[in-house]
Amino acid sequence: SSDLDIDLGDMNFNFSGRPKLGIKIQDTKDENGVKVIDVHENSPAANAGVHINDVIISINDSAIKTTDEARQQLGKAEEKSSYDLKLLRNGNEMKIKVSFPKKLKTADL
């Protein structure tokens, strides 16, 4: 048996406690946003209506040109319960709000 005891009951949260949008993104050739190449089922992004091939051009009103910038913006907004995404779908600009289920703190007293 292994010594690692990791509870994967709440898959929406990674180890920093930051909720994940549930998407995989890729740089675009012209560095004008990041392309969504995968959307995880039942993730906050999927529930908000993000689609594969959408190009995210801003997060919380900050322009996004590369995947690194997207990660930075999401990191800055760690305490937020939602993110405002601006994206291009088939050449049309759309705004989508991705909200996270509230993570409730527990304590044994």
# chains A, B, ... in the order shown; residues from 1 in each chain; ligands from 1
>>> closest_atom_pairs(of="stretch 66-100 of chain A", to="stretch 20-25 of chain A", cutoff="12 Å", atoms="only C-alpha atoms", output="CSV")
residue,atom,partner,partner_atom,distance
A:Thr66,CA,A:Ile25,CA,9.3
A:Thr67,CA,A:Ile25,CA,6.7
A:Asp68,CA,A:Ile25,CA,10.1
A:Glu69,CA,A:Ile25,CA,11.4
A:Ala70,CA,A:Ile25,CA,8.9
A:Arg71,CA,A:Ile25,CA,9.9
A:Leu74,CA,A:Lys20,CA,9.0
A:Gly75,CA,A:Lys20,CA,10.4
A:Ala77,CA,A:Lys20,CA,11.6
A:Glu78,CA,A:Lys20,CA,9.9
A:Lys80,CA,A:Lys20,CA,11.7
A:Ser81,CA,A:Lys20,CA,11.1
A:Ser82,CA,A:Leu21,CA,9.6
A:Tyr83,CA,A:Leu21,CA,9.0
A:Asp84,CA,A:Leu21,CA,11.5
A:Leu85,CA,A:Leu21,CA,10.9
A:Lys97,CA,A:Leu21,CA,10.9
A:Val98,CA,A:Leu21,CA,7.5
A:Ser99,CA,A:Leu21,CA,8.7
A:Phe100,CA,A:Leu21,CA,8.2
>>> write_last_selection(atoms="N, CA, C and O atoms", output="short mmCIF file (atom, residue, chain, number, x, y, z; two decimals), in the first residue's frame")
data_model
loop_
_atom_site.label_atom_id
_atom_site.label_comp_id
_atom_site.auth_asym_id
_atom_site.auth_seq_id
_atom_site.Cartn_x
_atom_site.Cartn_y
_atom_site.Cartn_z
N THR A 66 -1.62 35.27 -24.45
CA THR A 66 -0.96 33.96 -24.40
C THR A 66 -1.49 33.14 -23.22
O THR A 66 -2.11 33.69 -22.32
N THR A 67 -1.19 31.84 -23.24
CA THR A 67 -1.63 30.98 -22.14
C THR A 67 -0.99 31.43 -20.82
O THR A 67 -1.63 31.35 -19.77
N ASP A 68 0.25 31.92 -20.86
CA ASP A 68 0.90 32.38 -19.63
C ASP A 68 0.13 33.55 -19.02
O ASP A 68 -0.05 33.63 -17.81
N GLU A 69 -0.32 34.47 -19.90
CA GLU A 69 -1.08 35.62 -19.40
C GLU A 69 -2.41 35.16 -18.82
O GLU A 69 -2.88 35.70 -17.81
N ALA A 70 -3.03 34.16 -19.44
CA ALA A 70 -4.30 33.65 -18.93
C ALA A 70 -4.09 33.06 -17.53
O ALA A 70 -4.87 33.33 -16.61
N ARG A 71 -3.02 32.29 -17.37
CA ARG A 71 -2.73 31.70 -16.06
C ARG A 71 -2.49 32.78 -15.01
O ARG A 71 -2.96 32.69 -13.88
N LEU A 74 -5.80 34.41 -13.96
CA LEU A 74 -6.59 33.53 -13.11
C LEU A 74 -5.96 33.44 -11.73
O LEU A 74 -6.65 33.37 -10.72
N GLY A 75 -4.63 33.47 -11.68
CA GLY A 75 -3.93 33.43 -10.39
C GLY A 75 -4.22 34.66 -9.55
O GLY A 75 -4.43 34.58 -8.36
N ALA A 77 -6.83 36.45 -9.60
CA ALA A 77 -8.24 36.51 -9.18
C ALA A 77 -8.62 35.31 -8.32
O ALA A 77 -9.76 34.92 -8.26
N GLU A 78 -7.62 34.77 -7.63
CA GLU A 78 -7.81 33.52 -6.90
C GLU A 78 -8.99 33.55 -5.92
O GLU A 78 -9.66 32.55 -5.73
N LYS A 80 -11.71 35.26 -6.16
CA LYS A 80 -13.02 35.56 -6.77
C LYS A 80 -13.88 34.31 -6.87
O LYS A 80 -13.39 33.21 -6.99
N SER A 81 -15.18 34.52 -6.86
CA SER A 81 -16.09 33.38 -7.02
C SER A 81 -16.55 33.27 -8.47
O SER A 81 -17.26 32.35 -8.84
N SER A 82 -16.13 34.25 -9.30
CA SER A 82 -16.46 34.15 -10.72
C SER A 82 -15.44 34.93 -11.55
O SER A 82 -14.74 35.79 -11.03
N TYR A 83 -15.36 34.58 -12.83
CA TYR A 83 -14.48 35.28 -13.77
C TYR A 83 -15.31 35.77 -14.94
O TYR A 83 -16.19 35.04 -15.41
N ASP A 84 -15.02 36.99 -15.40
CA ASP A 84 -15.66 37.50 -16.61
C ASP A 84 -14.75 37.23 -17.79
O ASP A 84 -13.64 37.75 -17.85
N LEU A 85 -15.20 36.40 -18.70
CA LEU A 85 -14.42 36.09 -19.90
C LEU A 85 -15.01 36.81 -21.10
O LEU A 85 -16.22 36.88 -21.26
N LYS A 97 -19.79 34.80 -18.03
CA LYS A 97 -19.35 34.80 -16.62
C LYS A 97 -19.27 33.35 -16.16
O LYS A 97 -20.24 32.61 -16.24
N VAL A 98 -18.08 32.95 -15.71
CA VAL A 98 -17.89 31.60 -15.18
C VAL A 98 -17.90 31.70 -13.66
O VAL A 98 -17.07 32.39 -13.07
N SER A 99 -18.85 31.02 -13.04
CA SER A 99 -18.97 31.06 -11.58
C SER A 99 -18.57 29.73 -10.97
O SER A 99 -18.75 28.68 -11.59
N PHE A 100 -18.04 29.79 -9.77
CA PHE A 100 -17.62 28.58 -9.07
C PHE A 100 -18.57 28.28 -7.93
O PHE A 100 -19.04 29.19 -7.27
#
>>> atom_distance(atom1="atom CA of A:Asn92", atom2="atom CA of A:Glu79")
29.8 Å
>>> select_by_dssp(residues="stretch 13-105 of chain A", states="helix (DSSP H, G or I)", output="VMD selection string")
chain A and resid 44 to 48 67 to 76
>>> write_last_selection(atoms="C-alpha atoms", output="mmCIF file, in the first residue's frame")
data_model
loop_
_atom_site.group_PDB
_atom_site.id
_atom_site.type_symbol
_atom_site.label_atom_id
_atom_site.label_comp_id
_atom_site.auth_asym_id
_atom_site.auth_seq_id
_atom_site.Cartn_x
_atom_site.Cartn_y
_atom_site.Cartn_z
ATOM 1 C CA PRO A 44 -17.596 25.665 -14.257
ATOM 2 C CA ALA A 45 -16.589 26.619 -17.828
ATOM 3 C CA ALA A 46 -18.875 24.001 -19.387
ATOM 4 C CA ASN A 47 -21.762 25.105 -17.185
ATOM 5 C CA ALA A 48 -21.180 28.728 -18.230
ATOM 6 C CA THR A 67 -1.631 30.980 -22.138
ATOM 7 C CA ASP A 68 0.901 32.383 -19.627
ATOM 8 C CA GLU A 69 -1.085 35.622 -19.398
ATOM 9 C CA ALA A 70 -4.301 33.645 -18.928
ATOM 10 C CA ARG A 71 -2.734 31.698 -16.059
ATOM 11 C CA GLN A 72 -1.471 34.918 -14.465
ATOM 12 C CA GLN A 73 -4.899 36.557 -14.615
ATOM 13 C CA LEU A 74 -6.590 33.526 -13.109
ATOM 14 C CA GLY A 75 -3.934 33.434 -10.393
ATOM 15 C CA LYS A 76 -4.523 37.084 -9.512
#
>>> atom_distance(atom1="atom CA of A:Asp54", atom2="atom CA of A:Val34")
8.3 Å
>>> closest_residue(among="A:Lys35, A:Leu87, A:Ala107, A:Asn42", to="A:Asp61", atoms="only C-alpha atoms")
A:Leu87
>>> atom_distance(atom1="atom CA of A:Gly49", atom2="atom CA of A:Glu31")
23.3 Å
>>> select_by_dssp(residues="stretch 7-109 of chain A", states="strand (DSSP E)", output="NGL selection string")
:A and (23-27 or 34-39 or 55-59 or 62-63 or 82-89 or 92-99)
>>> closest_residue(among="A:Asn60, A:Asn32, A:Thr106, A:Asn53", to="A:Arg89", atoms="only C-alpha atoms")
A:Asn53
